[in-house]
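Undergrad: So here's work12.cif (mmCIF, C-alpha atoms).
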```cif
data_my_file
loop_
_atom_site.label_atom_id
_atom_site.label_comp_id
_atom_site.auth_asym_id
_atom_site.auth_seq_id
_atom_site.Cartn_x
_atom_site.Cartn_y
_atom_site.Cartn_z
CA MET O 1173 -30.49 0.68 10.13
CA SER O 1174 -28.92 1.10 6.69
CA ASN O 1175 -25.72 -0.82 5.98
CA LEU O 1176 -24.57 2.17 3.92
CA LYS O 1177 -21.90 4.12 5.80
CA ARG O 1178 -19.90 7.24 5.12
CA ALA O 1179 -16.25 6.58 5.94
CA ILE O 1180 -12.93 8.37 5.69
CA GLY O 1181 -9.90 6.24 4.86
CA LEU O 1182 -6.42 7.27 6.00
CA MET O 1183 -3.35 5.69 4.46
CA SER O 1184 0.36 6.29 5.04
CA GLY O 1185 2.27 3.80 2.95
CA THR O 1186 5.76 2.33 2.84
CA SER O 1187 7.03 5.31 0.81
CA MET O 1188 6.53 7.39 3.98
CA ASP O 1189 5.74 10.47 1.91
CA GLY O 1190 2.52 11.60 3.56
CA ILE O 1191 -1.12 10.85 4.39
CA ASP O 1192 -3.70 10.00 1.73
CA ILE O 1193 -7.29 10.81 2.72
CA ALA O 1194 -10.42 9.66 0.88
CA LEU O 1195 -14.16 9.72 1.49
CA LEU O 1196 -16.26 6.71 0.56
CA THR O 1197 -19.92 5.87 1.01
CA THR O 1198 -20.34 2.10 0.96
CA ASP O 1199 -22.08 -0.93 2.40
CA GLY O 1200 -18.72 -2.72 2.53
CA GLU O 1201 -19.84 -4.96 -0.32
CA ASN O 1202 -20.73 -3.86 -3.86
CA ARG O 1203 -22.21 -0.39 -3.22
CA ILE O 1204 -19.39 2.13 -3.62
CA GLU O 1205 -19.76 5.89 -4.04
CA ARG O 1206 -16.37 7.57 -4.22
CA GLY O 1207 -16.07 11.04 -2.73
CA PRO O 1208 -13.23 13.59 -2.67
CA SER O 1209 -9.65 12.72 -1.80
CA VAL O 1210 -6.50 14.65 -0.95
CA SER O 1211 -2.91 14.03 0.12
CA MET O 1212 -1.07 15.74 2.94
CA PRO O 1213 2.70 15.41 2.44
CA TYR O 1214 4.97 14.94 5.42
CA SER O 1215 7.63 17.58 6.02
CA ASP O 1216 11.19 16.53 5.25
CA GLY O 1217 11.92 16.61 8.97
CA PHE O 1218 9.03 14.33 9.90
CA ARG O 1219 9.85 11.93 7.09
CA ALA O 1220 13.43 11.77 8.39
CA ARG O 1221 12.10 10.96 11.88
CA LEU O 1222 9.99 8.11 10.47
CA LYS O 1223 12.94 6.64 8.64
CA ALA O 1224 15.18 6.94 11.70
CA ALA O 1225 12.48 5.15 13.74
CA LEU O 1226 12.87 2.02 11.60
CA LEU O 1227 16.09 1.31 13.49
CA ASP O 1228 14.38 1.42 16.90
CA ALA O 1229 11.55 -0.73 15.51
CA ARG O 1230 13.95 -3.59 14.83
CA SER O 1231 14.19 -4.28 18.57
CA ILE O 1232 10.41 -4.77 18.96
CA SER O 1233 9.44 -8.26 20.07
CA GLN O 1234 5.84 -7.65 21.19
CA ARG O 1235 3.12 -5.59 19.54
CA ILE O 1236 2.80 -3.21 22.49
CA ASP O 1237 6.54 -2.37 22.53
CA ARG O 1238 7.46 1.21 21.60
CA PRO O 1239 11.22 1.46 22.27
CA GLY O 1240 13.37 4.54 21.75
CA VAL O 1241 11.69 7.34 19.80
CA LEU O 1242 8.62 5.29 18.84
CA ARG O 1243 6.21 6.29 21.62
CA ARG O 1244 6.65 10.02 21.06
CA LEU O 1245 6.63 9.52 17.30
CA GLU O 1246 3.38 7.53 17.46
CA ARG O 1247 1.66 10.41 19.25
CA ASP O 1248 3.01 13.00 16.81
CA LEU O 1249 2.02 10.85 13.83
CA THR O 1250 -1.51 10.46 15.19
CA LEU O 1251 -1.84 14.20 15.77
CA LEU O 1252 -0.75 14.83 12.17
CA HIS O 1253 -3.61 12.53 11.10
CA VAL O 1254 -5.95 14.58 13.30
CA VAL O 1255 -4.87 17.73 11.44
CA ALA O 1256 -5.32 15.95 8.10
CA VAL O 1257 -8.87 14.86 8.98
CA ASN O 1258 -9.90 18.25 10.34
CA ASP O 1259 -8.50 20.06 7.29
CA PHE O 1260 -10.26 17.59 4.97
CA LEU O 1261 -13.60 18.09 6.73
CA HIS O 1262 -13.21 21.86 6.58
CA GLU O 1263 -12.19 21.86 2.91
CA TYR O 1264 -15.27 19.89 1.88
CA GLY O 1265 -17.77 21.49 4.27
CA LEU O 1266 -18.29 18.35 6.33
CA LYS O 1267 -18.98 17.98 10.06
CA PRO O 1268 -17.61 15.13 12.21
CA GLU O 1269 -21.16 13.92 12.95
CA GLU O 1270 -21.71 13.43 9.20
CA ILE O 1271 -18.94 10.79 9.11
CA ASP O 1272 -19.74 7.32 10.45
CA MET O 1273 -16.16 6.17 10.91
CA ILE O 1274 -12.51 6.53 10.03
CA GLY O 1275 -10.44 3.62 8.72
CA PHE O 1276 -6.94 4.26 10.10
CA HIS O 1277 -3.93 2.42 8.70
CA GLY O 1278 -1.12 4.15 10.59
CA GLN O 1279 2.53 3.85 9.60
CA THR O 1280 4.13 0.44 9.24
CA VAL O 1281 7.56 0.39 10.89
CA LEU O 1282 8.00 -3.38 11.18
CA HIS O 1283 6.47 -6.32 9.33
CA ARG O 1284 7.67 -9.83 10.19
CA PRO O 1285 4.97 -12.24 9.04
CA HIS O 1286 7.11 -15.28 9.91
CA GLU O 1287 6.90 -14.10 13.54
CA ALA O 1288 3.22 -13.08 13.26
CA LEU O 1289 4.40 -9.56 14.13
CA THR O 1290 3.34 -6.36 12.38
CA ILE O 1291 3.61 -2.84 13.83
CA GLN O 1292 1.66 0.13 12.50
CA LEU O 1293 2.29 3.28 14.53
CA GLY O 1294 -0.95 5.10 15.27
CA ASP O 1295 -3.13 5.63 18.34
CA GLY O 1296 -6.71 4.89 17.29
CA ALA O 1297 -8.18 6.04 20.61
CA LEU O 1298 -6.37 9.40 20.41
CA LEU O 1299 -7.51 9.90 16.81
CA ALA O 1300 -11.13 9.17 17.80
CA SER O 1301 -11.08 11.50 20.79
CA GLU O 1302 -9.47 14.37 18.86
CA THR O 1303 -11.68 14.13 15.74
CA GLY O 1304 -14.94 13.13 17.45
CA ILE O 1305 -15.37 10.28 14.94
CA PRO O 1306 -15.25 6.50 15.66
CA VAL O 1307 -12.01 4.96 14.40
CA ILE O 1308 -11.39 1.40 13.22
CA TYR O 1309 -7.70 0.52 13.27
CA ASP O 1310 -5.23 -2.36 13.64
CA MET O 1311 -6.85 -4.33 10.83
CA ARG O 1312 -3.89 -6.61 10.11
CA ALA O 1313 -3.46 -8.33 13.47
CA GLU O 1314 -6.47 -10.67 13.35
CA ASP O 1315 -5.33 -12.05 10.01
CA MET O 1316 -1.95 -12.89 11.52
CA ARG O 1317 -3.62 -14.59 14.46
CA HIS O 1318 -5.22 -16.89 11.90
CA GLY O 1319 -1.96 -17.76 10.18
CA GLY O 1320 -2.04 -15.02 7.55
CA GLN O 1321 0.76 -12.77 6.35
CA GLY O 1322 -1.11 -9.63 7.45
CA ALA O 1323 -0.82 -8.24 3.92
CA PRO O 1324 -2.07 -7.27 1.44
CA LEU O 1325 -5.45 -6.06 2.73
CA ILE O 1326 -6.58 -4.01 -0.27
CA PRO O 1327 -7.76 -7.04 -2.39
CA ALA O 1328 -11.27 -7.03 -0.92
CA TYR O 1329 -11.67 -3.52 -2.34
CA HIS O 1330 -10.11 -4.48 -5.68
CA ALA O 1331 -12.66 -7.28 -5.96
CA ALA O 1332 -15.47 -4.76 -5.54
CA LEU O 1333 -13.94 -2.38 -8.12
CA ALA O 1334 -13.58 -5.25 -10.58
CA GLU O 1335 -17.37 -5.49 -10.72
CA ASN O 1336 -17.30 -2.23 -12.74
CA LEU O 1337 -14.38 -2.68 -15.11
CA PRO O 1338 -14.49 -0.51 -18.24
CA ALA O 1339 -14.79 -2.10 -21.66
CA GLY O 1340 -11.51 -3.38 -23.05
CA LEU O 1341 -10.14 -4.62 -19.74
CA ASP O 1342 -10.43 -8.38 -19.79
CA ARG O 1343 -10.12 -10.85 -16.95
CA PRO O 1344 -8.01 -12.10 -15.42
CA VAL O 1345 -7.36 -8.50 -14.38
CA VAL O 1346 -4.51 -7.66 -12.03
CA PHE O 1347 -4.70 -4.54 -9.86
CA VAL O 1348 -1.19 -3.41 -8.97
CA ASN O 1349 -0.40 -0.79 -6.35
CA ILE O 1350 3.12 0.54 -6.81
CA GLY O 1351 4.00 2.12 -3.49
CA GLY O 1352 7.25 1.67 -1.58
CA ILE O 1353 6.49 -2.04 -1.89
CA SER O 1354 4.22 -3.20 -4.72
CA ASN O 1355 1.34 -5.61 -4.31
CA LEU O 1356 -0.98 -7.23 -6.79
CA THR O 1357 -4.52 -8.56 -6.75
CA CYS O 1358 -5.73 -10.88 -9.48
CA VAL O 1359 -9.49 -11.01 -10.03
CA GLY O 1360 -10.31 -13.94 -12.29
CA GLU O 1361 -13.44 -15.26 -13.92
CA GLY O 1362 -16.26 -15.61 -11.42
CA GLY O 1363 -14.48 -13.23 -9.02
CA ALA O 1364 -11.75 -15.68 -7.95
CA LEU O 1365 -9.32 -13.64 -5.84
CA ILE O 1366 -5.55 -14.10 -5.43
CA ALA O 1367 -3.24 -11.48 -3.94
CA TYR O 1368 0.24 -11.01 -2.59
CA ASP O 1369 3.12 -8.53 -2.37
CA SER O 1370 4.91 -8.45 -5.71
CA GLY O 1371 8.27 -6.84 -4.93
CA PRO O 1372 10.00 -3.49 -4.42
CA GLY O 1373 8.08 -0.59 -5.92
CA ASN O 1374 9.38 2.96 -5.46
CA MET O 1375 11.37 2.13 -2.34
CA LEU O 1376 14.75 1.39 -3.94
CA ILE O 1377 14.51 4.26 -6.43
CA ASP O 1378 13.67 6.69 -3.61
CA GLN O 1379 16.62 5.46 -1.54
CA TRP O 1380 18.92 5.73 -4.59
CA MET O 1381 17.88 9.35 -5.20
CA GLU O 1382 18.38 10.25 -1.54
CA MET O 1383 21.77 8.60 -1.51
CA HIS O 1384 22.81 10.90 -4.37
CA GLY O 1385 21.37 14.03 -2.76
CA GLN O 1386 18.67 14.27 -5.44
CA GLY O 1387 15.62 14.61 -3.19
CA SER O 1388 13.29 11.85 -2.04
CA PHE O 1389 12.14 10.48 -5.43
CA ASP O 1390 12.70 10.62 -9.20
CA SER O 1391 9.91 12.96 -10.26
CA GLY O 1392 8.09 11.48 -13.25
CA GLY O 1393 11.00 9.09 -13.78
CA ALA O 1394 12.81 11.96 -15.56
CA ILE O 1395 16.30 10.89 -14.47
CA ALA O 1396 15.61 7.19 -15.10
CA MET O 1397 14.51 7.97 -18.66
CA THR O 1398 18.03 9.24 -19.43
CA GLY O 1399 19.72 6.09 -18.11
CA HIS O 1400 20.23 2.48 -19.20
CA VAL O 1401 19.45 -0.80 -17.47
CA ASN O 1402 22.41 -2.58 -15.88
CA ALA O 1403 21.37 -6.16 -16.59
CA ASN O 1404 23.72 -7.73 -14.05
CA ILE O 1405 22.38 -5.68 -11.18
CA ALA O 1406 18.77 -6.08 -12.34
CA ASN O 1407 19.21 -9.86 -12.42
CA ARG O 1408 20.75 -9.79 -8.94
CA TYR O 1409 17.40 -8.50 -7.67
CA LEU O 1410 15.22 -10.69 -9.87
CA ASP O 1411 17.10 -13.86 -8.84
CA HIS O 1412 16.16 -13.16 -5.19
CA GLU O 1413 14.41 -16.07 -3.51
CA PHE O 1414 11.29 -13.91 -3.14
CA PHE O 1415 10.67 -14.32 -6.89
CA THR O 1416 12.01 -17.84 -7.36
CA SER O 1417 10.29 -19.47 -4.37
CA PRO O 1418 7.01 -21.29 -5.07
CA HIS O 1419 5.58 -19.66 -1.92
CA ARG O 1420 4.26 -16.09 -1.89
CA ARG O 1421 4.90 -13.95 1.17
CA SER O 1422 4.58 -10.33 2.25
CA LEU O 1423 7.57 -8.03 2.33
CA ASP O 1424 9.27 -5.73 4.80
CA ARG O 1425 11.26 -2.68 3.72
CA ALA O 1426 14.42 -4.44 4.86
CA ASP O 1427 14.03 -7.40 2.47
CA PHE O 1428 15.71 -5.56 -0.42
CA SER O 1429 18.58 -3.10 -0.09
CA VAL O 1430 19.70 -0.31 -2.40
CA PRO O 1431 22.84 -0.84 -4.55
CA ALA O 1432 26.13 0.68 -3.46
CA LYS O 1433 26.53 4.24 -4.75
CA GLU O 1434 29.60 3.43 -6.85
CA GLU O 1435 27.97 0.52 -8.72
CA MET O 1436 26.17 2.71 -11.27
CA SER O 1437 25.73 6.29 -12.38
CA LEU O 1438 22.75 8.20 -10.99
CA ALA O 1439 20.72 7.80 -14.20
CA ASP O 1440 21.61 4.15 -14.82
CA GLY O 1441 20.77 3.29 -11.22
CA ALA O 1442 17.39 5.01 -11.46
CA ARG O 1443 16.63 3.23 -14.74
CA THR O 1444 17.80 -0.16 -13.48
CA LEU O 1445 15.70 0.09 -10.32
CA ALA O 1446 12.68 1.24 -12.37
CA PHE O 1447 13.15 -1.85 -14.54
CA VAL O 1448 13.36 -4.02 -11.40
CA SER O 1449 10.10 -2.51 -10.12
CA ALA O 1450 8.37 -3.36 -13.41
CA ALA O 1451 9.94 -6.79 -13.91
CA ALA O 1452 9.14 -7.74 -10.30
CA ILE O 1453 5.43 -7.35 -11.06
CA LEU O 1454 5.63 -9.68 -14.07
CA ARG O 1455 7.82 -12.19 -12.20
CA SER O 1456 5.34 -12.28 -9.36
CA ALA O 1457 2.36 -12.50 -11.73
CA SER O 1458 3.93 -15.60 -13.29
CA HIS O 1459 2.93 -17.47 -10.11
CA LEU O 1460 -0.78 -16.89 -10.87
CA PRO O 1461 -2.78 -19.88 -12.16
CA SER O 1462 -3.79 -18.01 -15.36
CA ALA O 1463 -1.87 -15.41 -17.34
CA PRO O 1464 -3.28 -11.90 -16.76
CA ARG O 1465 -4.95 -10.11 -19.66
CA SER O 1466 -5.00 -6.66 -18.06
CA TYR O 1467 -3.04 -4.72 -15.44
CA VAL O 1468 -4.57 -1.69 -13.68
CA ILE O 1469 -1.83 0.37 -12.03
CA SER O 1470 -2.33 2.64 -9.01
CA GLY O 1471 0.00 4.28 -6.49
CA GLY O 1472 2.82 6.78 -6.91
CA GLY O 1473 4.90 4.44 -9.08
CA ARG O 1474 2.52 4.83 -12.00
CA LYS O 1475 3.77 8.43 -12.33
CA ASN O 1476 7.30 7.18 -13.03
CA GLN O 1477 7.49 7.07 -16.82
CA ALA O 1478 10.38 4.60 -16.76
CA ILE O 1479 8.48 2.08 -14.61
CA MET O 1480 5.36 2.35 -16.77
CA SER O 1481 7.22 2.07 -20.09
CA GLU O 1482 9.17 -0.96 -18.89
CA LEU O 1483 6.00 -2.53 -17.49
CA SER O 1484 4.04 -1.94 -20.71
CA ALA O 1485 6.82 -3.45 -22.83
CA LEU O 1486 7.13 -6.52 -20.61
CA ALA O 1487 3.35 -7.05 -20.46
CA GLU O 1488 2.98 -6.62 -24.23
CA ARG O 1489 5.28 -9.58 -24.74
CA GLU O 1490 2.74 -11.63 -22.80
CA ASP O 1491 -0.28 -10.26 -24.70
CA ALA O 1492 -1.44 -8.22 -21.73
CA ARG O 1493 -2.51 -4.58 -21.50
CA VAL O 1494 -1.29 -2.05 -18.91
CA VAL O 1495 -3.63 0.80 -17.93
CA ASP O 1496 -3.20 3.65 -15.47
CA ALA O 1497 -6.00 3.37 -12.88
CA ASP O 1498 -7.04 6.96 -13.68
CA HIS O 1499 -7.65 6.00 -17.31
CA ALA O 1500 -9.78 3.06 -16.17
CA GLY O 1501 -12.16 5.38 -14.29
CA PHE O 1502 -10.62 4.81 -10.86
CA ASP O 1503 -8.43 7.07 -8.70
CA GLY O 1504 -4.83 5.87 -8.78
CA ASP O 1505 -3.74 8.19 -5.98
CA ALA O 1506 -6.61 7.53 -3.58
CA MET O 1507 -7.24 3.82 -4.12
CA GLU O 1508 -5.47 2.65 -0.95
CA ALA O 1509 -7.09 5.34 1.21
CA GLU O 1510 -10.48 4.41 -0.32
CA ALA O 1511 -9.71 0.78 0.50
CA TRP O 1512 -9.11 1.64 4.15
CA ALA O 1513 -12.51 3.34 4.32
CA TYR O 1514 -14.08 0.31 2.64
CA LEU O 1515 -12.34 -2.12 5.00
CA ALA O 1516 -13.49 -0.11 8.03
CA VAL O 1517 -17.11 -0.59 6.95
CA ARG O 1518 -16.51 -4.29 6.33
CA SER O 1519 -14.97 -4.53 9.80
CA LEU O 1520 -17.99 -2.82 11.36
CA HIS O 1521 -20.30 -5.34 9.65
CA GLY O 1522 -18.09 -8.30 10.59
CA LEU O 1523 -17.32 -9.09 6.93
CA PRO O 1524 -14.03 -10.72 5.93
CA LEU O 1525 -11.08 -8.42 5.26
CA THR O 1526 -8.74 -11.23 4.19
CA TYR O 1527 -8.99 -14.68 2.66
CA PRO O 1528 -6.77 -17.76 2.42
CA SER O 1529 -6.05 -16.82 -1.22
CA THR O 1530 -4.95 -13.27 -0.35
CA THR O 1531 -2.88 -13.54 2.82
CA GLY O 1532 -2.67 -17.28 3.52
CA CYS O 1533 -4.93 -17.12 6.58
CA ASN O 1534 -6.65 -20.40 7.47
CA MET O 1535 -10.19 -19.05 6.94
CA PRO O 1536 -11.85 -15.78 5.81
CA VAL O 1537 -11.06 -13.31 8.60
CA SER O 1538 -12.52 -9.98 9.65
CA GLY O 1539 -10.58 -7.76 12.02
CA GLY O 1540 -9.97 -4.30 13.38
CA ILE O 1541 -10.47 -2.56 16.72
CA ILE O 1542 -13.04 0.19 17.14
CA ALA O 1543 -12.26 3.28 19.23
CA ARG O 1544 -15.12 5.64 20.01
CA PRO O 1545 -14.74 9.33 20.87
#
```
Could you express the structure from this file as structure tokens?

TA:
Amino acid sequence: MSNLKRAIGLMSGTSMDGIDIALLTTDGENRIERGPSVSMPYSDGFRARLKAALLDARSISQRIDRPGVLRRLERDLTLLHVVAVNDFLHEYGLKPEEIDMIGFHGQTVLHRPHEALTIQLGDGALLASETGIPVIYDMRAEDMRHGGQGAPLIPAYHAALAENLPAGLDRPVVFVNIGGISNLTCVGEGGALIAYDSGPGNMLIDQWMEMHGQGSFDSGGAIAMTGHVNANIANRYLDHEFFTSPHRRSLDRADFSVPAKEEMSLADGARTLAFVSAAAILRSASHLPSAPRSYVISGGGRKNQAIMSELSALAEREDARVVDADHAGFDGDAMEAEAWAYLAVRSLHGLPLTYPSTTGCNMPVSGGIIARP
């Protein structure tokens, strides 16, 4: 039996803006053939339900708990993923039997690594029965059972991508995903792998825009580009113990809060929080054993011109280069969804998803639960 599998990855990140879907053919190691990818945005109403559910999630003490609205929401979320998969298959002329598995992330509503507790809403068994495709899900829990932070999981995929870096991108290379929360993966000489969450990404900017009735995000960073950085408020974030502590840890949405509305104008707040997103990456990278030479940026944050210009300026001071993942021959929108397909295949083959140098687990750990139709 060939180790090469055709997998769909499904990702709904901390920005809570929709479902990313990507097709990957891989052996879960160094063979990677990227297929098509799409995004299915959540409706404003569903996004509002997800955000409201974060309050009910705070009372969870065991992984099986689904208090308040969470049980109904988990079913509705899963059924939206079913629609996303079926639409994707139809759009690209694929049949369920042509797909070996789905890697299903679900929606994180609580992440407390210090309690070994992480909750991703999503019913893998329901997704498998409704799509007719085996589903591998709940890939963070095993890492936590082995002392890990349960995040980030994407580094195993970054390591594989780093085997095909374009000319001009030197190691150490840092892959950065700027989602609601940003994370980084450093791939050094000889493939040495270090990863951790690096700070708030789009999350604070999105909340700032919503607070001002300006939609759910700053499109292209257009508003931020008209503002100025408030150094006092920026430093308030960058002096947070998350950046100053010698220990790296994963983040929950609740670890950083948005400034009060009256502290800054709309534009200055957007610019300041864009600067914080960029500076957080460099602050976190300063904990790496060797200074990065290149940064490859994926996720929605790379489309914010203010974040990217601040990041490029800060990196240039350290003799490093910042490149949009798309310009490096990768897919900056689909990289996390591709990673979830890749991790599903690794899970099937019993290969490690996490390592002591990526999540702090006590040994390389595989993980995931398989649900069959």

Undergrad: Using 12 Å as the limit and counting only C-alpha atoms, can you tabulate each residue of stretch 1406-1510 of chain O that touches stretch 1191-1214 of chain O, with its shortest atom-to-atom distance in Å and the two atoms involved, as JSON lines?

TA:
```
{"residue": "O:Gly1471", "atom": "CA", "partner": "O:Asp1192", "partner_atom": "CA", "distance": 10.7}
{"residue": "O:Gly1472", "atom": "CA", "partner": "O:Asp1192", "partner_atom": "CA", "distance": 11.3}
{"residue": "O:Gly1501", "atom": "CA", "partner": "O:Arg1206", "partner_atom": "CA", "distance": 11.1}
{"residue": "O:Phe1502", "atom": "CA", "partner": "O:Arg1206", "partner_atom": "CA", "distance": 9.2}
{"residue": "O:Asp1503", "atom": "CA", "partner": "O:Ser1209", "partner_atom": "CA", "distance": 9.0}
{"residue": "O:Gly1504", "atom": "CA", "partner": "O:Ser1209", "partner_atom": "CA", "distance": 10.9}
{"residue": "O:Asp1505", "atom": "CA", "partner": "O:Asp1192", "partner_atom": "CA", "distance": 7.9}
{"residue": "O:Ala1506", "atom": "CA", "partner": "O:Ala1194", "partner_atom": "CA", "distance": 6.2}
{"residue": "O:Met1507", "atom": "CA", "partner": "O:Ala1194", "partner_atom": "CA", "distance": 8.3}
{"residue": "O:Glu1508", "atom": "CA", "partner": "O:Asp1192", "partner_atom": "CA", "distance": 8.0}
{"residue": "O:Ala1509", "atom": "CA", "partner": "O:Ala1194", "partner_atom": "CA", "distance": 5.5}
{"residue": "O:Glu1510", "atom": "CA", "partner": "O:Ala1194", "partner_atom": "CA", "distance": 5.4}
```

Undergrad: Residue by residue, what does the PyMOL selection byres ((chain O and resi 1311) around 12) grab here? Present the result as an MDAnalysis selection string.

TA: chainID O and resid 1275:1278 1290:1292 1294 1296 1307:1310 1312:1317 1322:1326 1511:1520 1522 1524:1526 1537:1542

Undergrad: Kindly resolve the PyMOL selection byres ((chain O and resi 1395-1407) around 8) on the present coordinates and return the residues as a PyMOL selection string.

TA: chain O and resi 1390-1391+1393-1394+1408-1411+1436+1438-1448+1477-1478

Undergrad: Rounded to one decimal in Å, what is the spacing between atom CA of O:His1330 and atom CA of O:Glu1490?

TA: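 So the two atoms, atom CA of O:His1330 and atom CA of O:Glu1490, lie 22.6 Å apart.
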
Undergrad: For a test of reading the model, state the distance in Å between atom CA of O:Pro1285 and atom CA of O:Arg1421, rounded to one decimal.

TA: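 Pair atom CA of O:Pro1285 / atom CA of O:Arg1421 returns 8.1 Å.
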
Undergrad: Using the file's own x, y and z axes, what box holds all listed atoms of stretch 1278-1294 of chain O with 3 Å on each side, keeping edges along x, y and z, and what are its centre and edge lengths in Å to one decimal, as lines of an AutoDock Vina configuration file?

TA:
```
center_x = 3.4
center_y = -5.1
center_z = 12.2
size_x = 15.1
size_y = 26.4
size_z = 12.2
```

Undergrad: Between O:Val1255, O:Ala1487, O:Leu1341, O:Val1281, which is the closest to O:Leu1182 once you count all atoms listed in the file?

TA: O:Val1255

Undergrad: Would you list the contacts of stretch 1369-1384 of chain O as a ChimeraX atom specification, taking every protein, DNA or RNA residue within 7 Å and counting all atoms listed in the file, but skipping same-chain residues closer than 5 positions in sequence?

TA: /O:1187,1324,1350-1356,1389-1390,1421-1423,1430,1442,1445-1446,1449,1452-1453,1456,1473

Undergrad: To one decimal place in Å, what is the distance between atom CA of O:Thr1303 and atom CA of O:Pro1268?

TA: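 Distance reported for this atom pair: 7.0 Å.
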
Undergrad: Which residue out of O:Gln1321, O:Ser1529, O:Ser1484, O:Ser1429 has the minimum interatomic distance to O:Pro1461 when all atoms listed in the file are used?

TA: O:Ser1529

Undergrad: On this file, the PyMOL selection byres ((chain O and resi 1269) around 10) gives some set of residues; write that set as a ChimeraX atom specification.

TA: /O:1266-1268,1270-1273,1303-1306

Undergrad: Quick one: of O:Glu1287, O:Glu1263, O:Glu1246, O:Asp1427, who's nearest to O:Leu1299, counting all atoms listed in the file?

TA: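 Distance minimum relative to O:Leu1299 lands on O:Glu1246.
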
Undergrad: Find the residue from O:Arg1219, O:Arg1343, O:Arg1420, O:Arg1235 that sits nearest to O:Leu1289; use all atoms listed in the file when measuring.

TA: O:Arg1235

Undergrad: Please list as a ChimeraX atom specification every residue within 9 Å of O:Pro1239, counting all atoms listed in the file and excluding residues in the same chain fewer than 3 positions away.

TA: /O:1228-1229,1231-1232,1242-1243

Undergrad: Show which residues sit within 6 Å of O:Gly1360, as a tab-separated table (two decimals) with C-alpha atoms, in the frame of the given file. Count all atoms listed in the file, and ignore same-chain residues fewer than 2 positions away.

TA:
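Listed below is the output, result_13.tsv:
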```tsv
chain	number	residue	atom	x	y	z
O	1343	ARG	CA	-10.12	-10.85	-16.95
O	1344	PRO	CA	-8.01	-12.10	-15.42
O	1363	GLY	CA	-14.48	-13.23	-9.02
O	1364	ALA	CA	-11.75	-15.68	-7.95
```

Undergrad: Find the residues around O:Val1254 up to 9 Å (all atoms listed in the file counted), leave out those fewer than 2 positions away in its own chain, and share them as a PyMOL selection string.

TA: chain O and resi 1249-1252+1256-1259+1298-1300+1302-1303

Undergrad: Output the selection as a PDB file, in the coordinates of the input - C-alpha atoms for each residue.

TA:
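Writing done, so here's out35.pdb:
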```pdb
ATOM      1  CA  LEU O1249       2.020  10.850  13.830  1.00  0.00           C
ATOM      2  CA  THR O1250      -1.510  10.460  15.190  1.00  0.00           C
ATOM      3  CA  LEU O1251      -1.840  14.200  15.770  1.00  0.00           C
ATOM      4  CA  LEU O1252      -0.750  14.830  12.170  1.00  0.00           C
ATOM      5  CA  ALA O1256      -5.320  15.950   8.100  1.00  0.00           C
ATOM      6  CA  VAL O1257      -8.870  14.860   8.980  1.00  0.00           C
ATOM      7  CA  ASN O1258      -9.900  18.250  10.340  1.00  0.00           C
ATOM      8  CA  ASP O1259      -8.500  20.060   7.290  1.00  0.00           C
ATOM      9  CA  LEU O1298      -6.370   9.400  20.410  1.00  0.00           C
ATOM     10  CA  LEU O1299      -7.510   9.900  16.810  1.00  0.00           C
ATOM     11  CA  ALA O1300     -11.130   9.170  17.800  1.00  0.00           C
ATOM     12  CA  GLU O1302      -9.470  14.370  18.860  1.00  0.00           C
ATOM     13  CA  THR O1303     -11.680  14.130  15.740  1.00  0.00           C
TER      14      THR O1303
END
```

Undergrad: Using only C-alpha atoms, find the one residue out of O:Arg1221, O:Arg1493, O:Lys1475, O:His1412 that sits nearest to O:Asp1248.

TA: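 Between O:Arg1221, O:Arg1493, O:Lys1475, O:His1412, the residue approaching O:Asp1248 most closely is O:Arg1221.
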
Undergrad: Give me, as number ranges by chain, all polymer residues having an atom no more than 8 Å from O:Leu1460, counting only C-alpha atoms and skipping those fewer than 3 positions away in the same chain.

TA: O: 1358, 1366, 1456-1457, 1463

Undergrad: Write a file of the just-selected residues containing C-alpha atoms, as a short mmCIF file (atom, residue, chain, number, x, y, z; two decimals), keeping the file's coordinate frame.

TA:
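Resulting contents of part-v7.cif:
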```cif
data_model
loop_
_atom_site.label_atom_id
_atom_site.label_comp_id
_atom_site.auth_asym_id
_atom_site.auth_seq_id
_atom_site.Cartn_x
_atom_site.Cartn_y
_atom_site.Cartn_z
CA CYS O 1358 -5.73 -10.88 -9.48
CA ILE O 1366 -5.55 -14.10 -5.43
CA SER O 1456 5.34 -12.28 -9.36
CA ALA O 1457 2.36 -12.50 -11.73
CA ALA O 1463 -1.87 -15.41 -17.34
#
```

Undergrad: Using all atoms listed in the file for the distances, tell me which of O:His1253, O:Lys1177, O:Arg1284, O:Arg1238 is nearest to O:Ala1426.

TA: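 Ranking O:His1253, O:Lys1177, O:Arg1284, O:Arg1238 by distance to O:Ala1426, first place goes to O:Arg1284.
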